[in-house]
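Have a look at work_21.pdb below; it lists PDB, C-alpha atoms.
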```pdb
ATOM      1  CA  MET A 238     111.832 124.657  88.004
ATOM      2  CA  LYS A 239     108.985 123.907  85.623
ATOM      3  CA  GLN A 240     110.753 120.734  84.500
ATOM      4  CA  ILE A 241     111.293 119.606  88.108
ATOM      5  CA  ILE A 242     107.593 120.048  88.854
ATOM      6  CA  LEU A 243     106.552 118.162  85.717
ATOM      7  CA  GLU A 244     108.912 115.254  86.429
ATOM      8  CA  ASN A 245     108.019 114.917  90.120
ATOM      9  CA  LYS A 246     104.381 116.004  90.364
ATOM     10  CA  SER A 247     102.876 112.515  90.597
ATOM     11  CA  ARG A 248     105.488 111.356  93.137
ATOM     12  CA  VAL A 249     104.959 114.427  95.334
ATOM     13  CA  LYS A 250     101.174 114.048  95.204
ATOM     14  CA  ALA A 251     101.405 110.338  96.057
ATOM     15  CA  ILE A 252     103.636 110.985  99.068
ATOM     16  CA  ILE A 253     101.358 113.750 100.322
ATOM     17  CA  LYS A 254      98.326 111.500  99.971
ATOM     18  CA  LYS A 255     100.104 108.584 101.654
ATOM     19  CA  LEU A 256     101.324 110.642 104.609
ATOM     20  CA  THR A 257      98.328 112.908 105.202
ATOM     21  CA  GLY A 258      95.486 110.688 104.074
ATOM     22  CA  SER A 259      94.346 113.009 101.302
ATOM     23  CA  TYR A 260      95.741 115.278  98.629
ATOM     24  CA  ASN A 261      96.545 118.775  99.898
ATOM     25  CA  GLU A 262      97.400 121.443  97.345
ATOM     26  CA  ASP A 263      98.857 123.769  99.977
ATOM     27  CA  ILE A 264     101.381 121.136 101.008
ATOM     28  CA  GLU A 265     102.285 120.498  97.370
ATOM     29  CA  GLN A 266     102.899 124.213  96.811
ATOM     30  CA  GLU A 267     105.061 124.348  99.935
ATOM     31  CA  VAL A 268     107.115 121.412  98.614
ATOM     32  CA  TYR A 269     107.866 123.258  95.384
ATOM     33  CA  ILE A 270     108.703 126.493  97.222
ATOM     34  CA  LYS A 271     111.125 124.636  99.506
ATOM     35  CA  THR A 272     112.554 122.773  96.513
ATOM     36  CA  TRP A 273     113.247 126.070  94.767
ATOM     37  CA  ARG A 274     114.753 127.615  97.922
ATOM     38  CA  ASN A 275     116.935 124.596  98.728
ATOM     39  CA  LEU A 276     117.960 123.513  95.232
ATOM     40  CA  SER A 277     121.445 124.868  95.836
ATOM     41  CA  ASN A 278     121.753 122.535  98.871
ATOM     42  CA  TYR A 279     121.058 119.412  96.815
ATOM     43  CA  LYS A 280     124.163 117.253  96.596
ATOM     44  CA  GLU A 281     124.323 114.763  93.764
ATOM     45  CA  GLU A 282     125.212 111.900  96.115
ATOM     46  CA  GLY A 283     121.800 110.285  95.722
ATOM     47  CA  LYS A 284     118.932 110.435  93.316
ATOM     48  CA  PHE A 285     117.052 113.708  92.996
ATOM     49  CA  THR A 286     113.768 111.810  93.371
ATOM     50  CA  GLN A 287     114.869 110.602  96.806
ATOM     51  CA  TRP A 288     115.832 114.136  97.797
ATOM     52  CA  ILE A 289     112.496 115.616  96.749
ATOM     53  CA  SER A 290     110.694 112.667  98.376
ATOM     54  CA  ALA A 291     112.441 113.355 101.675
ATOM     55  CA  LEU A 292     111.677 117.056 101.343
ATOM     56  CA  THR A 293     107.993 116.218 100.711
ATOM     57  CA  ALA A 294     107.882 113.940 103.763
ATOM     58  CA  ASN A 295     109.426 116.725 105.868
ATOM     59  CA  VAL A 296     106.856 119.254 104.638
ATOM     60  CA  CYS A 297     104.094 116.787 105.559
ATOM     61  CA  ARG A 298     105.580 116.378 109.046
ATOM     62  CA  ASP A 299     105.764 120.155 109.383
ATOM     63  CA  TYR A 300     102.093 120.316 108.416
ATOM     64  CA  PHE A 301     101.185 117.958 111.274
ATOM     65  CA  LYS A 302     103.020 120.296 113.657
ATOM     66  CA  SER A 303     101.327 123.392 112.235
ATOM     67  CA  ARG A 304      98.620 125.507 113.806
ATOM     68  CA  GLN A 305      96.318 124.812 110.838
ATOM     69  CA  TYR A 306      96.508 121.031 111.360
ATOM     70  CA  LYS A 307      95.924 121.341 115.102
ATOM     71  CA  MET A 308      92.831 123.460 114.472
ATOM     72  CA  GLU A 309      91.515 120.914 111.961
ATOM     73  CA  ALA A 310      92.210 118.070 114.392
ATOM     74  CA  ARG A 311      90.280 119.878 117.132
ATOM     75  CA  GLN A 312      87.348 120.219 114.772
ATOM     76  CA  LEU A 313      87.441 116.483 114.035
ATOM     77  CA  ASN A 314      87.388 115.727 117.746
ATOM     78  CA  ASP A 315      84.398 117.942 118.340
ATOM     79  CA  GLU A 316      81.339 115.818 119.167
ATOM     80  CA  GLU A 317      79.039 117.932 116.993
ATOM     81  CA  THR A 318      81.245 117.415 113.957
ATOM     82  CA  LEU A 319      81.225 113.669 114.489
ATOM     83  CA  ASN A 320      77.448 113.618 114.888
ATOM     84  CA  ASP A 321      77.000 115.588 111.661
ATOM     85  CA  LEU A 322      78.772 112.931 109.593
ATOM     86  CA  PRO A 323      76.356 111.040 107.334
ATOM     87  CA  ALA A 324      75.775 107.437 108.377
ATOM     88  CA  GLN A 325      77.015 106.055 105.055
ATOM     89  CA  SER A 326      79.600 103.399 105.650
ATOM     90  CA  SER A 327      81.905 104.599 102.876
ATOM     91  CA  GLN A 328      82.288 108.032 104.474
ATOM     92  CA  GLU A 329      82.725 106.448 107.884
ATOM     93  CA  GLU A 330      85.421 104.211 106.452
ATOM     94  CA  VAL A 331      87.193 107.191 104.903
ATOM     95  CA  PHE A 332      87.048 109.040 108.214
ATOM     96  CA  ASP A 333      88.310 105.983 110.120
ATOM     97  CA  ALA A 334      91.145 105.537 107.640
ATOM     98  CA  LYS A 335      92.218 109.168 108.078
ATOM     99  CA  VAL A 336      92.117 108.886 111.857
ATOM    100  CA  ARG A 337      94.146 105.653 111.722
ATOM    101  CA  GLN A 338      96.702 107.196 109.398
ATOM    102  CA  LYS A 339      97.110 110.255 111.613
ATOM    103  CA  MET A 340      97.604 108.026 114.649
ATOM    104  CA  ILE A 341     100.253 106.038 112.793
ATOM    105  CA  LEU A 342     102.086 109.162 111.642
ATOM    106  CA  LYS A 343     102.078 110.588 115.161
ATOM    107  CA  ALA A 344     103.451 107.305 116.509
ATOM    108  CA  VAL A 345     106.192 107.289 113.853
ATOM    109  CA  ASP A 346     107.013 110.915 114.627
ATOM    110  CA  ALA A 347     107.385 110.045 118.329
ATOM    111  CA  LEU A 348     110.010 107.356 117.647
ATOM    112  CA  PRO A 349     113.647 108.026 118.588
ATOM    113  CA  LYS A 350     115.365 109.965 115.802
ATOM    114  CA  LYS A 351     117.478 107.083 114.435
ATOM    115  CA  MET A 352     114.525 104.669 114.332
ATOM    116  CA  LYS A 353     112.214 107.253 112.788
ATOM    117  CA  GLN A 354     114.756 107.952 110.056
ATOM    118  CA  VAL A 355     114.962 104.257 109.114
ATOM    119  CA  VAL A 356     111.167 103.838 109.135
ATOM    120  CA  VAL A 357     110.644 106.910 106.949
ATOM    121  CA  LEU A 358     113.299 105.835 104.463
ATOM    122  CA  PHE A 359     112.083 102.234 104.284
ATOM    123  CA  GLU A 360     108.292 102.627 104.474
ATOM    124  CA  PHE A 361     107.660 106.039 102.938
ATOM    125  CA  GLU A 362     110.541 106.436 100.503
ATOM    126  CA  ASP A 363     110.728 102.754  99.494
ATOM    127  CA  MET A 364     114.488 102.552  99.988
ATOM    128  CA  SER A 365     116.220  99.178 100.365
ATOM    129  CA  TYR A 366     118.243  98.173 103.435
ATOM    130  CA  GLU A 367     121.417  98.755 101.444
ATOM    131  CA  GLN A 368     120.350 102.224 100.285
ATOM    132  CA  ILE A 369     119.410 103.190 103.848
ATOM    133  CA  ALA A 370     122.715 101.862 105.188
ATOM    134  CA  LYS A 371     124.635 103.905 102.625
ATOM    135  CA  LYS A 372     122.597 107.045 103.289
ATOM    136  CA  THR A 373     122.834 106.805 107.089
ATOM    137  CA  GLY A 374     126.388 105.498 107.260
ATOM    138  CA  VAL A 375     125.538 102.411 109.309
ATOM    139  CA  SER A 376     125.636  98.701 108.512
ATOM    140  CA  VAL A 377     122.746  96.819 106.909
ATOM    141  CA  GLY A 378     122.431  94.851 110.161
ATOM    142  CA  THR A 379     121.973  98.081 112.114
ATOM    143  CA  VAL A 380     119.315  99.222 109.657
ATOM    144  CA  LYS A 381     117.438  95.926 110.086
ATOM    145  CA  SER A 382     117.778  96.123 113.875
ATOM    146  CA  ARG A 383     116.483  99.702 114.034
ATOM    147  CA  LEU A 384     113.591  98.821 111.747
ATOM    148  CA  PHE A 385     112.724  95.756 113.850
ATOM    149  CA  ASN A 386     112.829  97.747 117.104
ATOM    150  CA  ALA A 387     110.828 100.607 115.595
ATOM    151  CA  ARG A 388     108.144  98.194 114.404
ATOM    152  CA  LYS A 389     108.028  96.637 117.878
ATOM    153  CA  ILE A 390     107.508 100.060 119.493
ATOM    154  CA  LEU A 391     104.900 101.027 116.901
ATOM    155  CA  SER A 392     103.081  97.745 117.425
ATOM    156  CA  GLU A 393     102.853  98.435 121.151
ATOM    157  CA  LYS A 394     101.786 102.061 120.694
ATOM    158  CA  LEU A 395      99.185 101.183 118.071
ATOM    159  CA  GLN A 396      97.533  98.213 119.840
ATOM    160  CA  ILE A 397      94.252 100.135 119.750
ATOM    161  CA  LEU A 398      94.233  99.932 115.949
ATOM    162  CA  LYS A 399      94.478  96.154 116.139
ATOM    163  CA  GLY A 400      91.330  95.992 118.240
ATOM    164  CA  GLU A 401      93.144  94.310 121.118
TER     165      GLU A 401
END
```
Show me, as structure tokens, the structure contained in the file I just sent.
Amino acid sequence: MKQIILENKSRVKAIIKKLTGSYNEDIEQEVYIKTWRNLSNYKEEGKFTQWISALTANVCRDYFKSRQYKMEARQLNDEETLNDLPAQSSQEEVFDAKVRQKMILKAVDALPKKMKQVVVLFEFEDMSYEQIAKKTGVSVGTVKSRLFNARKILSEKLQILKGE
């Protein structure tokens, strides 16, 4: 297990940061616990790095559904908390970026299952159309179509981020 952690630590941290907006040690620990528990379920059909990447993405999604995240989100929405933020633009930008990222992740999570799967594999796990087609058992054309339709839905749902 030590070797798995050493070989995948930077990848896991990067995925956590990309999906949650910041590094979270609790999520990283949960990834390694689930890796250890589910190692026997790993099938050598794909790369191990893709498997642990998918597991990490799932742990991040579980975090967004968790009670802890919902409590933190309520605190962010509290007017007093927002007023207490220093007026430095860099901190405001960091806050805005986190809010934007959370909105995007919620929108992705709300997509129909087949579209969400393609978006996660393509955008978050950096898989090619061909790899996604092989993994999902559909044609490359179907992968492209699902990705196109998912992007269209996300574009509509996230109009507010475009300032329109």
Item to check | Nearby residues (only C-alpha atoms) at most 6 Å from region 252-264 of chain A, same-chain spacing under 3 positions excluded, as a VMD selection string | outcome: chain A and resid 249 267 335
Checklist entry - If we count only C-alpha atoms, what is near Asn275 (chain A) at a cut-off of 12 Å, once residues fewer than 4 positions away on the same chain are taken out, given as a VMD selection string? => result chain A and resid 238 267 to 271 279 to 280 288 to 289 292
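One distance worth recording is that between CA of Gln266 (chain A) and CA of Val355 (chain A), which is 26.4 Å.
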What are the centre and edge lengths in Å, to one decimal, of the axis-aligned box around all listed atoms of region 359-375 of chain A with 6 Å added on each side, as AutoDock Vina command-line options?
```
--center_x 117.0 --center_y 102.6 --center_z 104.4 --size_x 30.7 --size_y 20.9 --size_z 21.8
```
Checklist outcome for this item: As a check of understanding: the span from CA of Ser382 (chain A) to CA of Ile341 (chain A) is 20.2 Å
Item to check | Point-to-point distance in Å for CA of Val345 (chain A) and CA of Val380 (chain A) | outcome: 16.0 Å
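Shortest separation to Ile369 (chain A) among A:Arg274, A:Lys351, A:Lys239, A:Arg248 occurs at residue A:Lys351, atoms counted being only C-alpha atoms.
Proximity of A:Asp346, A:Glu362, A:Glu265, A:Glu244 to Ala291 (chain A), computed with only C-alpha atoms, is greatest for A:Glu362.
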Checklist entry - Which polymer residues have any atom within 12 Å of an atom of region 385-387 of chain A, counting all atoms listed in the file, with same-chain residues fewer than 6 positions away left out, as an MDAnalysis selection string? => result chainID A and resid 344:357 359:360 378:379 393:395
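Taking all atoms listed in the file into account, Gln396 (chain A) lies nearest to A:Arg337 out of the set A:Arg337, A:Ala370, A:Val377, A:Phe361.
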